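A.B. asks: Just my_file_24.cif, nothing more (mmCIF, C-alpha atoms and all ligand atoms):
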```cif
data_run
#
loop_
_atom_site.label_atom_id
_atom_site.label_comp_id
_atom_site.auth_asym_id
_atom_site.auth_seq_id
_atom_site.Cartn_x
_atom_site.Cartn_y
_atom_site.Cartn_z
CA MET J 828 166.70 70.54 43.96
CA SER J 829 166.76 73.30 41.38
CA ARG J 830 169.30 72.87 38.62
CA ASP J 831 170.95 75.22 36.22
CA LEU J 832 169.37 75.55 32.76
CA SER J 833 172.43 74.02 31.08
CA THR J 834 171.87 70.86 33.13
CA GLU J 835 168.09 70.95 32.69
CA LEU J 836 168.45 71.01 28.89
CA ILE J 837 170.34 67.71 29.08
CA HIS J 838 168.61 65.93 31.97
CA HIS J 839 165.03 67.10 31.29
CA PRO J 840 162.50 64.86 33.07
CA TYR J 841 159.99 64.62 30.21
CA ARG J 842 159.63 61.20 28.62
CA PRO J 843 157.34 60.87 25.58
CA PRO J 844 154.57 58.31 26.06
CA ALA J 845 155.52 54.73 25.13
CA GLY J 846 153.64 52.82 22.44
CA PHE J 847 154.12 55.15 19.46
CA GLU J 848 153.43 53.17 16.28
CA ALA J 849 153.96 54.24 12.69
CA PRO J 850 154.60 52.38 9.42
CA GLN J 851 158.22 53.47 9.36
CA LEU J 852 160.68 52.45 12.10
CA ALA J 853 162.22 55.10 14.33
CA ILE J 854 165.82 56.18 13.74
CA HIS J 855 168.02 55.46 16.73
CA LYS J 856 171.37 57.21 16.83
CA ALA J 857 173.87 56.62 19.62
CA SER J 858 177.50 56.24 20.43
CA THR J 859 176.76 55.64 24.11
CA VAL J 860 174.07 53.25 25.28
CA ILE J 861 172.82 53.92 28.84
CA PHE J 862 172.40 51.08 31.33
CA ALA J 863 169.78 51.10 34.11
CA ASP J 864 172.32 49.93 36.69
CA VAL J 865 175.79 48.40 37.04
CA ALA J 866 174.46 44.85 37.19
CA SER J 867 172.66 45.17 33.85
CA MET J 868 175.77 46.77 32.34
CA ARG J 869 177.87 43.78 33.38
CA ALA J 870 175.25 41.29 32.21
CA ARG J 871 175.11 42.61 28.65
CA ASP J 872 176.91 40.69 25.92
CA TRP J 873 177.42 42.45 22.56
CA ARG J 874 177.33 39.07 20.80
CA ASN J 875 173.62 38.55 21.28
CA LYS J 876 170.89 40.85 20.06
CA LEU J 877 168.84 40.71 23.27
CA GLY J 878 170.22 44.05 24.43
CA TYR J 879 172.51 46.93 23.57
CA THR J 880 176.05 47.64 24.74
CA TYR J 881 177.52 50.39 22.57
CA GLY J 882 176.53 52.30 19.44
CA LEU J 883 179.12 50.50 17.33
CA HIS J 884 177.61 47.10 18.23
CA GLY J 885 174.10 47.98 17.17
CA THR J 886 170.96 50.01 17.75
CA PRO J 887 167.31 49.09 17.10
CA THR J 888 167.71 50.70 13.66
CA THR J 889 170.78 48.71 12.59
CA PHE J 890 169.42 45.48 14.12
CA ALA J 891 166.21 45.93 12.11
CA LEU J 892 168.14 46.47 8.88
CA GLU J 893 170.38 43.45 9.57
CA GLU J 894 167.31 41.24 9.98
CA ARG J 895 165.73 42.49 6.75
CA VAL J 896 168.93 42.07 4.74
CA ALA J 897 169.31 38.53 6.15
CA ALA J 898 165.73 37.84 4.99
CA LEU J 899 166.48 39.35 1.57
CA GLU J 900 169.49 37.06 1.11
CA GLY J 901 167.77 34.00 2.60
CA GLY J 902 170.34 33.90 5.41
CA ARG J 903 170.14 33.98 9.20
CA GLN J 904 172.68 36.53 10.47
CA CYS J 905 173.98 39.79 9.03
CA VAL J 906 176.50 42.49 9.91
CA LEU J 907 176.54 45.97 8.37
CA VAL J 908 179.66 47.85 7.31
CA PRO J 909 180.24 51.35 5.87
CA SER J 910 180.60 50.25 2.21
CA GLY J 911 180.46 47.27 -0.10
CA LEU J 912 184.23 47.25 -0.33
CA ALA J 913 184.45 47.22 3.48
CA ALA J 914 182.22 44.10 3.42
CA ILE J 915 184.68 42.40 1.05
CA ALA J 916 187.62 43.44 3.26
CA LEU J 917 185.81 42.19 6.37
CA VAL J 918 185.28 38.74 4.86
CA ASP J 919 188.94 38.60 3.78
CA GLN J 920 190.20 39.64 7.22
CA ALA J 921 187.84 37.33 9.10
CA LEU J 922 188.77 34.24 7.10
CA LEU J 923 192.34 34.66 5.90
CA ALA J 924 195.67 34.58 7.73
CA GLN J 925 199.36 34.59 6.88
CA GLY J 926 200.26 31.66 4.63
CA GLY J 927 196.70 31.28 3.35
CA GLU J 928 195.41 31.70 -0.18
CA VAL J 929 192.27 33.23 -1.67
CA LEU J 930 190.99 32.51 -5.19
CA LEU J 931 189.22 35.27 -7.13
CA PRO J 932 187.36 35.11 -10.45
CA ASP J 933 189.29 37.01 -13.14
CA ASN J 934 186.26 39.28 -13.72
CA VAL J 935 185.94 40.17 -10.02
CA TYR J 936 185.02 43.69 -8.84
CA GLY J 937 188.29 45.58 -9.45
CA PRO J 938 188.91 46.95 -5.94
CA SER J 939 188.55 43.41 -4.48
CA ARG J 940 191.42 42.28 -6.71
CA GLU J 941 193.39 45.41 -5.77
CA LEU J 942 192.90 44.66 -2.06
CA ALA J 943 194.32 41.16 -2.63
CA ARG J 944 197.21 42.57 -4.65
CA SER J 945 198.14 45.16 -1.99
CA GLU J 946 197.15 44.59 1.66
CA LEU J 947 196.60 40.82 1.50
CA THR J 948 199.98 40.34 -0.18
CA ARG J 949 201.61 42.55 2.46
CA TRP J 950 200.06 40.36 5.18
CA GLY J 951 201.47 37.18 3.64
CA ILE J 952 198.21 36.05 2.00
CA THR J 953 198.49 34.99 -1.63
CA HIS J 954 195.80 35.07 -4.32
CA ARG J 955 195.26 33.57 -7.74
CA LEU J 956 192.66 34.25 -10.42
CA TYR J 957 190.38 31.60 -11.90
CA ASP J 958 188.12 31.46 -14.95
CA PRO J 959 184.53 31.74 -13.59
CA LEU J 960 183.19 29.73 -16.55
CA ASP J 961 185.45 26.73 -15.80
CA ALA J 962 184.59 24.86 -12.59
CA THR J 963 186.96 21.99 -13.46
CA ALA J 964 189.89 24.39 -13.61
CA LEU J 965 188.92 25.85 -10.21
CA ALA J 966 188.76 22.36 -8.69
CA ALA J 967 192.29 21.69 -9.95
CA MET J 968 193.57 24.99 -8.51
CA ILE J 969 192.40 24.45 -4.94
CA GLY J 970 195.34 23.47 -2.76
CA PRO J 971 196.16 22.85 0.91
CA ARG J 972 196.60 26.60 1.57
CA THR J 973 193.31 27.67 -0.10
CA ARG J 974 190.99 29.12 2.54
CA LEU J 975 188.47 31.15 0.56
CA VAL J 976 186.93 31.22 -2.91
CA TRP J 977 185.21 34.45 -3.96
CA LEU J 978 182.30 34.22 -6.39
CA GLU J 979 180.67 37.02 -8.34
CA ALA J 980 177.61 36.68 -10.58
CA ALA J 981 177.59 38.29 -13.04
CA GLY J 982 181.14 39.67 -13.29
CA SER J 983 181.32 43.39 -12.63
CA VAL J 984 182.13 44.78 -16.07
CA THR J 985 182.51 41.93 -18.57
CA MET J 986 179.25 40.38 -17.29
CA GLU J 987 180.09 36.66 -17.68
CA PHE J 988 177.64 34.61 -15.61
CA PRO J 989 179.59 31.85 -13.84
CA ASP J 990 178.80 28.17 -13.34
CA LEU J 991 177.87 28.80 -9.69
CA PRO J 992 176.77 25.23 -8.78
CA GLY J 993 179.97 23.84 -10.32
CA LEU J 994 182.24 26.38 -8.60
CA VAL J 995 180.52 25.89 -5.22
CA GLU J 996 180.83 22.11 -5.51
CA ALA J 997 184.54 22.42 -6.38
CA ALA J 998 185.15 24.42 -3.18
CA ARG J 999 182.73 22.55 -0.91
CA SER J 1000 184.06 19.11 -1.75
CA ARG J 1001 187.50 20.33 -0.63
CA GLY J 1002 186.24 22.01 2.54
CA VAL J 1003 186.95 25.55 1.29
CA THR J 1004 184.64 28.41 2.31
CA THR J 1005 182.82 30.29 -0.47
CA ALA J 1006 181.81 33.96 -0.41
CA LEU J 1007 179.53 35.55 -3.02
CA ASP J 1008 179.50 39.21 -4.01
CA ASN J 1009 175.73 39.39 -4.56
CA THR J 1010 175.51 43.07 -5.49
CA TRP J 1011 174.30 42.24 -9.03
CA GLY J 1012 171.62 39.75 -7.92
CA ALA J 1013 170.62 41.89 -4.91
CA GLY J 1014 168.77 38.94 -3.35
CA ILE J 1015 166.20 39.08 -6.18
CA ALA J 1016 167.77 37.30 -9.17
CA PHE J 1017 168.76 34.15 -7.23
CA ARG J 1018 169.46 32.91 -3.70
CA GLY J 1019 173.15 32.30 -2.97
CA PHE J 1020 172.51 30.22 0.14
CA ASP J 1021 170.23 27.83 -1.78
CA LEU J 1022 173.26 27.04 -3.95
CA GLY J 1023 175.29 26.10 -0.86
CA ILE J 1024 177.33 29.31 -0.67
CA ASP J 1025 178.62 30.05 2.86
CA ILE J 1026 178.80 33.86 2.91
CA VAL J 1027 176.82 36.37 0.85
CA MET J 1028 177.94 40.00 0.80
CA GLN J 1029 176.25 42.87 -0.93
CA ALA J 1030 177.00 46.52 -1.64
CA LEU J 1031 173.77 47.91 -0.16
CA THR J 1032 175.02 51.08 -1.87
CA LYS J 1033 173.49 49.77 -5.09
CA TYR J 1034 169.98 48.22 -5.31
CA PRO J 1035 168.97 48.20 -1.62
CA SER J 1036 169.72 51.92 -1.29
CA GLY J 1037 168.51 52.69 -4.80
CA GLY J 1038 168.97 56.40 -4.24
CA GLY J 1039 172.61 56.91 -5.10
CA ASP J 1040 172.96 58.71 -1.76
CA VAL J 1041 174.26 56.18 0.75
CA LEU J 1042 177.26 53.85 1.01
CA MET J 1043 176.84 50.59 2.93
CA GLY J 1044 177.70 46.90 2.80
CA SER J 1045 176.39 43.71 4.37
CA VAL J 1046 177.85 40.30 5.18
CA THR J 1047 175.18 37.62 5.61
CA THR J 1048 175.61 34.03 6.82
CA ARG J 1049 173.49 30.99 7.63
CA ASP J 1050 175.94 29.39 10.04
CA ALA J 1051 176.17 30.72 13.61
CA ALA J 1052 179.88 29.87 14.08
CA LEU J 1053 180.84 31.53 10.79
CA HIS J 1054 178.79 34.59 11.73
CA GLU J 1055 180.51 34.84 15.10
CA ARG J 1056 183.92 34.71 13.45
CA ILE J 1057 182.92 37.59 11.15
CA LYS J 1058 181.23 39.51 13.97
CA LEU J 1059 184.40 39.27 16.11
CA THR J 1060 186.56 40.71 13.33
CA HIS J 1061 183.88 43.36 12.73
CA MET J 1062 184.14 44.38 16.39
CA HIS J 1063 187.95 44.29 16.47
CA LEU J 1064 188.12 46.56 13.42
CA GLY J 1065 185.63 49.06 14.86
CA LEU J 1066 183.20 48.87 11.95
CA GLY J 1067 179.67 50.23 12.16
CA VAL J 1068 177.09 52.26 10.25
CA ALA J 1069 175.20 55.43 11.10
CA GLY J 1070 171.52 55.36 12.08
CA ASN J 1071 170.53 57.88 9.42
CA ASP J 1072 172.18 55.80 6.69
CA ALA J 1073 170.56 52.59 7.97
CA GLU J 1074 167.17 54.32 7.92
CA LEU J 1075 167.67 55.41 4.29
CA VAL J 1076 168.24 51.79 3.28
CA LEU J 1077 165.32 50.55 5.43
CA ARG J 1078 163.08 53.04 3.65
CA SER J 1079 164.27 51.95 0.20
CA LEU J 1080 164.12 48.19 0.82
CA ALA J 1081 160.34 48.16 0.41
CA THR J 1082 160.64 49.20 -3.23
CA LEU J 1083 163.70 47.05 -4.05
CA PRO J 1084 161.81 44.26 -5.90
CA LEU J 1085 159.80 46.80 -7.94
CA ARG J 1086 162.89 48.81 -8.88
CA TYR J 1087 164.95 45.71 -9.65
CA HIS J 1088 162.37 44.30 -12.05
CA ALA J 1089 161.77 47.69 -13.70
CA GLN J 1090 165.51 48.21 -14.26
CA ASP J 1091 165.81 44.61 -15.47
CA ALA J 1092 163.08 45.14 -18.09
CA ALA J 1093 164.67 48.42 -19.24
CA GLY J 1094 168.12 46.82 -19.41
CA ARG J 1095 166.92 43.88 -21.51
CA ALA J 1096 165.00 46.14 -23.90
CA LEU J 1097 168.03 48.37 -24.51
CA ALA J 1098 170.44 45.42 -24.69
CA ALA J 1099 168.31 43.75 -27.38
CA TRP J 1100 168.03 46.99 -29.34
CA LEU J 1101 171.79 47.63 -29.12
CA ALA J 1102 172.60 44.06 -30.23
CA ALA J 1103 171.06 44.91 -33.62
CA ARG J 1104 172.96 48.20 -34.06
CA PRO J 1105 175.77 48.22 -36.68
CA GLU J 1106 178.16 50.06 -34.33
CA VAL J 1107 177.96 47.25 -31.76
CA ARG J 1108 180.15 44.18 -32.04
CA GLN J 1109 178.64 42.40 -29.02
CA VAL J 1110 176.32 43.09 -26.09
CA LEU J 1111 177.41 41.54 -22.79
CA HIS J 1112 174.21 40.90 -20.82
CA PRO J 1113 173.74 37.51 -19.11
CA ALA J 1114 170.04 37.33 -20.03
CA LEU J 1115 170.83 37.82 -23.72
CA GLU J 1116 171.28 34.71 -25.87
CA GLY J 1117 174.92 34.37 -26.92
CA SER J 1118 176.31 36.38 -23.98
CA PRO J 1119 179.07 34.54 -22.03
CA GLY J 1120 177.52 32.32 -19.35
CA HIS J 1121 173.95 32.83 -20.63
CA ALA J 1122 173.13 29.14 -20.10
CA HIS J 1123 174.34 29.39 -16.46
CA TRP J 1124 172.23 32.52 -15.96
CA ARG J 1125 169.16 30.72 -17.36
CA ALA J 1126 169.73 27.75 -15.07
CA THR J 1127 170.23 29.88 -11.95
CA CYS J 1128 168.28 33.14 -12.22
CA SER J 1129 164.74 34.41 -12.48
CA ALA J 1130 165.78 38.02 -13.18
CA ALA J 1131 168.77 40.20 -14.10
CA ALA J 1132 170.14 43.53 -12.96
CA GLY J 1133 169.69 46.60 -15.17
CA LEU J 1134 173.37 46.53 -16.03
CA PHE J 1135 175.15 45.54 -19.23
CA SER J 1136 178.20 46.32 -21.33
CA VAL J 1137 178.66 46.69 -25.07
CA LEU J 1138 181.74 46.05 -27.17
CA LEU J 1139 181.79 48.74 -29.84
CA ASP J 1140 183.36 47.84 -33.14
CA GLU J 1141 187.17 47.80 -33.43
CA ARG J 1142 187.09 50.07 -36.50
CA TYR J 1143 186.38 53.06 -34.23
CA THR J 1144 189.12 55.02 -32.46
CA ALA J 1145 189.32 55.43 -28.69
CA ALA J 1146 188.68 59.15 -29.21
CA GLN J 1147 185.43 58.37 -31.07
CA VAL J 1148 184.30 56.13 -28.23
CA ASP J 1149 185.07 58.87 -25.69
CA ALA J 1150 183.09 61.30 -27.91
CA PHE J 1151 180.15 58.85 -27.87
CA VAL J 1152 180.17 58.73 -24.06
CA ASP J 1153 180.52 62.52 -23.86
CA ALA J 1154 177.58 62.97 -26.28
CA LEU J 1155 175.16 61.09 -24.00
CA GLN J 1156 172.80 63.44 -22.17
CA LEU J 1157 170.62 61.30 -19.88
CA PHE J 1158 173.32 58.70 -19.17
CA ARG J 1159 175.72 60.50 -16.84
CA ILE J 1160 179.37 59.47 -16.58
CA GLY J 1161 179.86 57.81 -13.21
CA TYR J 1162 180.71 54.61 -11.34
CA SER J 1163 178.21 52.84 -9.09
CA TRP J 1164 174.76 51.81 -10.30
CA ALA J 1165 171.13 51.03 -9.38
CA GLY J 1166 170.16 54.60 -8.52
CA PRO J 1167 167.48 56.66 -10.31
CA VAL J 1168 169.98 58.19 -12.77
CA SER J 1169 171.30 56.10 -15.67
CA LEU J 1170 175.10 55.91 -15.74
CA VAL J 1171 177.80 55.06 -18.27
CA VAL J 1172 181.51 54.24 -17.97
CA PRO J 1173 184.03 53.39 -20.72
CA TYR J 1174 186.54 50.72 -19.64
CA ASP J 1175 190.03 49.85 -20.86
CA VAL J 1176 189.63 46.57 -22.76
CA ALA J 1177 193.39 46.07 -23.13
CA ALA J 1178 193.77 45.98 -19.32
CA MET J 1179 190.87 43.51 -19.06
CA ARG J 1180 192.35 41.27 -21.75
CA ALA J 1181 195.69 41.33 -19.89
CA GLY J 1182 193.97 40.29 -16.63
CA SER J 1183 191.91 37.50 -18.19
CA VAL J 1184 192.83 33.89 -17.38
CA ARG J 1185 191.49 32.76 -20.80
CA GLY J 1186 193.71 35.28 -22.57
CA GLY J 1187 190.90 37.72 -23.27
CA ALA J 1188 190.35 36.77 -26.93
CA HIS J 1189 186.60 37.08 -26.23
CA LEU J 1190 187.03 40.80 -25.44
CA ARG J 1191 187.47 42.65 -28.72
CA GLY J 1192 186.48 46.22 -29.43
CA HIS J 1193 185.80 49.11 -27.06
CA LEU J 1194 183.92 48.30 -23.84
CA VAL J 1195 181.29 50.69 -22.51
CA ARG J 1196 179.13 49.77 -19.49
CA PHE J 1197 175.59 51.06 -19.06
CA SER J 1198 173.65 51.09 -15.80
CA LEU J 1199 169.93 51.69 -16.09
CA GLY J 1200 168.25 54.23 -13.86
CA LEU J 1201 164.51 54.79 -13.68
CA GLU J 1202 164.02 57.09 -16.69
CA ALA J 1203 161.63 56.04 -19.51
CA VAL J 1204 163.25 53.43 -21.79
CA ALA J 1205 162.22 55.29 -24.99
CA ASP J 1206 164.07 58.40 -23.80
CA LEU J 1207 167.18 56.38 -22.90
CA GLN J 1208 167.14 54.66 -26.29
CA ALA J 1209 166.79 57.99 -28.10
CA ASP J 1210 169.71 59.33 -26.05
CA ILE J 1211 171.99 56.43 -27.04
CA GLU J 1212 170.90 56.70 -30.67
CA GLN J 1213 171.71 60.42 -30.95
CA ALA J 1214 175.11 59.85 -29.29
CA LEU J 1215 175.93 56.94 -31.65
CA VAL J 1216 175.13 59.11 -34.66
CA ALA J 1217 177.05 62.08 -33.23
CA ALA J 1218 180.19 60.02 -32.59
CA PHE J 1219 180.17 57.43 -35.40
CA GLY J 1220 178.06 59.00 -38.14
CA ALA J 1221 174.67 57.91 -39.52
CA ALA J 1222 174.05 54.17 -39.22
CA VAL J 1223 174.57 52.22 -42.44
C1 LIG J 1301 179.86 48.85 -5.93
C2 LIG J 1301 180.29 47.46 -5.75
C3 LIG J 1301 181.01 47.07 -4.61
C4 LIG J 1301 181.48 48.06 -3.57
O1 LIG J 1301 180.48 48.82 -3.00
P1 LIG J 1301 180.84 50.26 -2.38
O2 LIG J 1301 179.72 50.47 -1.41
O3 LIG J 1301 180.85 51.22 -3.51
O4 LIG J 1301 182.15 50.12 -1.70
C5 LIG J 1301 181.34 45.75 -4.49
N1 LIG J 1301 181.01 44.84 -5.42
C6 LIG J 1301 180.31 45.17 -6.52
C7 LIG J 1301 179.97 44.13 -7.51
C8 LIG J 1301 179.94 46.49 -6.72
O5 LIG J 1301 179.27 46.82 -7.82
#
```
Write the structure described by the file as structure tokens, please.
C.D. replies:
Amino acid sequence: MSRDLSTELIHHPYRPPAGFEAPQLAIHKASTVIFADVASMRARDWRNKLGYTYGLHGTPTTFALEERVAALEGGRQCVLVPSGLAAIALVDQALLAQGGEVLLPDNVYGPSRELARSELTRWGITHRLYDPLDATALAAMIGPRTRLVWLEAAGSVTMEFPDLPGLVEAARSRGVTTALDNTWGAGIAFRGFDLGIDIVMQALTKYPSGGGDVLMGSVTTRDAALHERIKLTHMHLGLGVAGNDAELVLRSLATLPLRYHAQDAAGRALAAWLAARPEVRQVLHPALEGSPGHAHWRATCSAAAGLFSVLLDERYTAAQVDAFVDALQLFRIGYSWAGPVSLVVPYDVAAMRAGSVRGGAHLRGHLVRFSLGLEAVADLQADIEQALVAAFGAAV
């Protein structure tokens, strides 16, 4: 039967030979998955990974990335979502219901707190903030309606490293599920599951991508029933990731440990140098002696992210601090982190003090957060030095 060209271009008989092997996995992209016959269509179950049902429920590319992220986190099952924030929202929606309560550390990633304040409140789910350095206080806060305790190590901007074993024990002993935002640790600094944490999410946007060019999140578990609960919500909400994006992260994962340790070394070198500068009141870096939660970091971690904040002296004006940030050349002004380009963001300390459970007396001065890219440390240090002098005058 001869067919029209328009049909032939779609239903062409050529099939490339099977058995192609290359170091990098193929990229599979599909909305529709084709079944050999009706019986095999009916036999497929999206809940297992033995076959494929629909693009949203997985392709060889997304399955491969899920397995590697599960290995990275030391977990067993993983689901991928379009951003780190979507991973946080997925955990909240899978575990919480009207009348329930979630507890968040007071230094939690800002949008997670905003989600609790807005949507969760609207859905009849309450939230309270706890001090991540005080496990006894968390234990006392847990009540009959508490369903979920979020953990974050280190805290997003103020960088306190929490007493993770203490916080996990407080929740576990009361039968409350724990979820860790592991974006900072990236699966390299410590293993959340080894501490007894139930759910580990990560913004793959940061270290696993490493390129500053893809947004993605993951939710990893070790318990099959917990995974199924999350996977069901994932399906009901219609979440999925694109094959091209998954491939970008797969490609970058191989260099994750190298990049993490390089950015860690650069971060510690600059943090130590800044701690001795007269303009700096305090450096907030969990691996630095005297930083809040340093003893917890030392007990838990073998590495640190290339991320830290400084509190610049109170004698400067806000305009001077803005001028310092504007004077930086290599550090570009931008959120996110863990890409090749070093980034800087000034934060509003007054707002952070107001949101702190401890009253925020520990946060004095002007807070500026640095995220290390992959540039040479000497060049980054010279950049900070020239900006300090430009904004605050020659060092005394
Ligand atoms: C960036 C980030 C997120 C959110 O990731 P997106 O992919 O940008 O939505 C969540 N938690 C932490 C700690 C982050 O740094």
A.B. asks: I want to know what sits within 10 Å of Thr880 in chain J, based on only C-alpha atoms, with residues of the same chain fewer than 6 positions away left out; could you give that as a count of residues only?
C.D. replies: 13
A.B. asks: Record the distance separating CA of Ala1130 in chain J and CA of Phe1151 in chain J, expressed in Å with one decimal.
C.D. replies: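 Rounded to one decimal, the two atoms are 29.3 Å apart.
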A.B. asks: Calculate, to one decimal in Å, the centre and edge lengths of the box along x, y and z of the file that holds all listed atoms of ligand LIG 1301 (chain J) with 4 Å of margin on each side, and present them as lines of an AutoDock Vina configuration file.
C.D. replies:
```
center_x = 180.7
center_y = 47.7
center_z = -4.6
size_x = 10.9
size_y = 15.1
size_z = 14.4
```
A.B. asks: Return the single residue from J:Pro1173, J:Gly1117, J:Gly1166, J:Gly1187 that is closest to Gly1200 in chain J, with distances computed using all atoms listed in the file.
C.D. replies: J:Gly1166
A.B. asks: From the list J:Ser833, J:Ser1079, J:Ser939, J:Gln1156, which residue is nearest Arg895 in chain J when using all atoms listed in the file?
C.D. replies: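 Distance minimum relative to Arg895 in chain J lands on J:Ser1079.
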A.B. asks: List as a PDB file with C-alpha atoms, keeping the file's coordinate frame: which residues have an atom within 8 Å of (172.3, 52.5, -35.0), counting only C-alpha atoms?
C.D. replies:
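Saved as result17.pdb:
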```pdb
ATOM      1  CA  LEU J1101     171.790  47.630 -29.120  1.00  0.00           C
ATOM      2  CA  ALA J1103     171.060  44.910 -33.620  1.00  0.00           C
ATOM      3  CA  ARG J1104     172.960  48.200 -34.060  1.00  0.00           C
ATOM      4  CA  PRO J1105     175.770  48.220 -36.680  1.00  0.00           C
ATOM      5  CA  GLU J1106     178.160  50.060 -34.330  1.00  0.00           C
ATOM      6  CA  GLU J1212     170.900  56.700 -30.670  1.00  0.00           C
ATOM      7  CA  LEU J1215     175.930  56.940 -31.650  1.00  0.00           C
ATOM      8  CA  VAL J1216     175.130  59.110 -34.660  1.00  0.00           C
ATOM      9  CA  ALA J1221     174.670  57.910 -39.520  1.00  0.00           C
ATOM     10  CA  ALA J1222     174.050  54.170 -39.220  1.00  0.00           C
ATOM     11  CA  VAL J1223     174.570  52.220 -42.440  1.00  0.00           C
TER      12      VAL J1223
END
```
A.B. asks: May I ask which of the residues J:Pro1113, J:Gly1067, J:Pro844, J:Gly1133 is the closest one to Leu1097 in chain J, counting all atoms listed in the file?
C.D. replies: J:Gly1133
A.B. asks: For a cut-off of 12 Å around (183.2, 20.8, -3.0), file coordinates, pick out all residues using only C-alpha atoms and list them as a ChimeraX atom specification.
C.D. replies: /J:962-963,965-967,969,976,991-1005,1022-1025
A.B. asks: Sorted by chain and rising residue number, which residues of chain J lie within 10 Å of ligand LIG 1301 (chain J), and what are their closest atom pairs and distances in Å to one decimal, counting all atoms listed in the file, as JSON lines?
C.D. replies:
```
{"residue": "J:Val908", "atom": "CA", "partner": "J:LIG1301", "partner_atom": "O2", "distance": 9.1}
{"residue": "J:Pro909", "atom": "CA", "partner": "J:LIG1301", "partner_atom": "O2", "distance": 7.4}
{"residue": "J:Ser910", "atom": "CA", "partner": "J:LIG1301", "partner_atom": "O2", "distance": 3.7}
{"residue": "J:Gly911", "atom": "CA", "partner": "J:LIG1301", "partner_atom": "O1", "distance": 3.3}
{"residue": "J:Leu912", "atom": "CA", "partner": "J:LIG1301", "partner_atom": "O4", "distance": 3.8}
{"residue": "J:Ala913", "atom": "CA", "partner": "J:LIG1301", "partner_atom": "O4", "distance": 6.4}
{"residue": "J:Ala914", "atom": "CA", "partner": "J:LIG1301", "partner_atom": "O4", "distance": 7.9}
{"residue": "J:Ile915", "atom": "CA", "partner": "J:LIG1301", "partner_atom": "C5", "distance": 7.3}
{"residue": "J:Ala916", "atom": "CA", "partner": "J:LIG1301", "partner_atom": "O4", "distance": 10.0}
{"residue": "J:Val935", "atom": "CA", "partner": "J:LIG1301", "partner_atom": "C7", "distance": 7.6}
{"residue": "J:Tyr936", "atom": "CA", "partner": "J:LIG1301", "partner_atom": "C7", "distance": 5.2}
{"residue": "J:Gly937", "atom": "CA", "partner": "J:LIG1301", "partner_atom": "N1", "distance": 8.4}
{"residue": "J:Pro938", "atom": "CA", "partner": "J:LIG1301", "partner_atom": "C5", "distance": 7.8}
{"residue": "J:Ser939", "atom": "CA", "partner": "J:LIG1301", "partner_atom": "C5", "distance": 7.6}
{"residue": "J:Glu979", "atom": "CA", "partner": "J:LIG1301", "partner_atom": "C7", "distance": 7.2}
{"residue": "J:Ala980", "atom": "CA", "partner": "J:LIG1301", "partner_atom": "C7", "distance": 8.4}
{"residue": "J:Ala981", "atom": "CA", "partner": "J:LIG1301", "partner_atom": "C7", "distance": 8.4}
{"residue": "J:Gly982", "atom": "CA", "partner": "J:LIG1301", "partner_atom": "C7", "distance": 7.4}
{"residue": "J:Ser983", "atom": "CA", "partner": "J:LIG1301", "partner_atom": "C7", "distance": 5.3}
{"residue": "J:Val984", "atom": "CA", "partner": "J:LIG1301", "partner_atom": "C7", "distance": 8.9}
{"residue": "J:Leu1007", "atom": "CA", "partner": "J:LIG1301", "partner_atom": "C7", "distance": 9.7}
{"residue": "J:Asp1008", "atom": "CA", "partner": "J:LIG1301", "partner_atom": "N1", "distance": 6.0}
{"residue": "J:Asn1009", "atom": "CA", "partner": "J:LIG1301", "partner_atom": "C7", "distance": 7.0}
{"residue": "J:Thr1010", "atom": "CA", "partner": "J:LIG1301", "partner_atom": "C7", "distance": 5.0}
{"residue": "J:Trp1011", "atom": "CA", "partner": "J:LIG1301", "partner_atom": "C7", "distance": 6.2}
{"residue": "J:Gly1012", "atom": "CA", "partner": "J:LIG1301", "partner_atom": "C7", "distance": 9.4}
{"residue": "J:Ala1013", "atom": "CA", "partner": "J:LIG1301", "partner_atom": "C7", "distance": 10.0}
{"residue": "J:Met1028", "atom": "CA", "partner": "J:LIG1301", "partner_atom": "N1", "distance": 8.5}
{"residue": "J:Gln1029", "atom": "CA", "partner": "J:LIG1301", "partner_atom": "N1", "distance": 6.8}
{"residue": "J:Ala1030", "atom": "CA", "partner": "J:LIG1301", "partner_atom": "O1", "distance": 4.4}
{"residue": "J:Leu1031", "atom": "CA", "partner": "J:LIG1301", "partner_atom": "O2", "distance": 6.6}
{"residue": "J:Thr1032", "atom": "CA", "partner": "J:LIG1301", "partner_atom": "O2", "distance": 4.8}
{"residue": "J:Lys1033", "atom": "CA", "partner": "J:LIG1301", "partner_atom": "C1", "distance": 6.5}
{"residue": "J:Tyr1034", "atom": "CA", "partner": "J:LIG1301", "partner_atom": "O5", "distance": 9.7}
{"residue": "J:Val1041", "atom": "CA", "partner": "J:LIG1301", "partner_atom": "O2", "distance": 8.2}
{"residue": "J:Leu1042", "atom": "CA", "partner": "J:LIG1301", "partner_atom": "O2", "distance": 4.8}
{"residue": "J:Met1043", "atom": "CA", "partner": "J:LIG1301", "partner_atom": "O2", "distance": 5.2}
{"residue": "J:Gly1044", "atom": "CA", "partner": "J:LIG1301", "partner_atom": "O2", "distance": 5.9}
{"residue": "J:Ser1045", "atom": "CA", "partner": "J:LIG1301", "partner_atom": "O2", "distance": 9.5}
{"residue": "J:Tyr1162", "atom": "CA", "partner": "J:LIG1301", "partner_atom": "C1", "distance": 7.9}
{"residue": "J:Ser1163", "atom": "CA", "partner": "J:LIG1301", "partner_atom": "C1", "distance": 5.4}
{"residue": "J:Trp1164", "atom": "CA", "partner": "J:LIG1301", "partner_atom": "O5", "distance": 7.2}
{"residue": "J:Ala1165", "atom": "CA", "partner": "J:LIG1301", "partner_atom": "O5", "distance": 9.3}
```
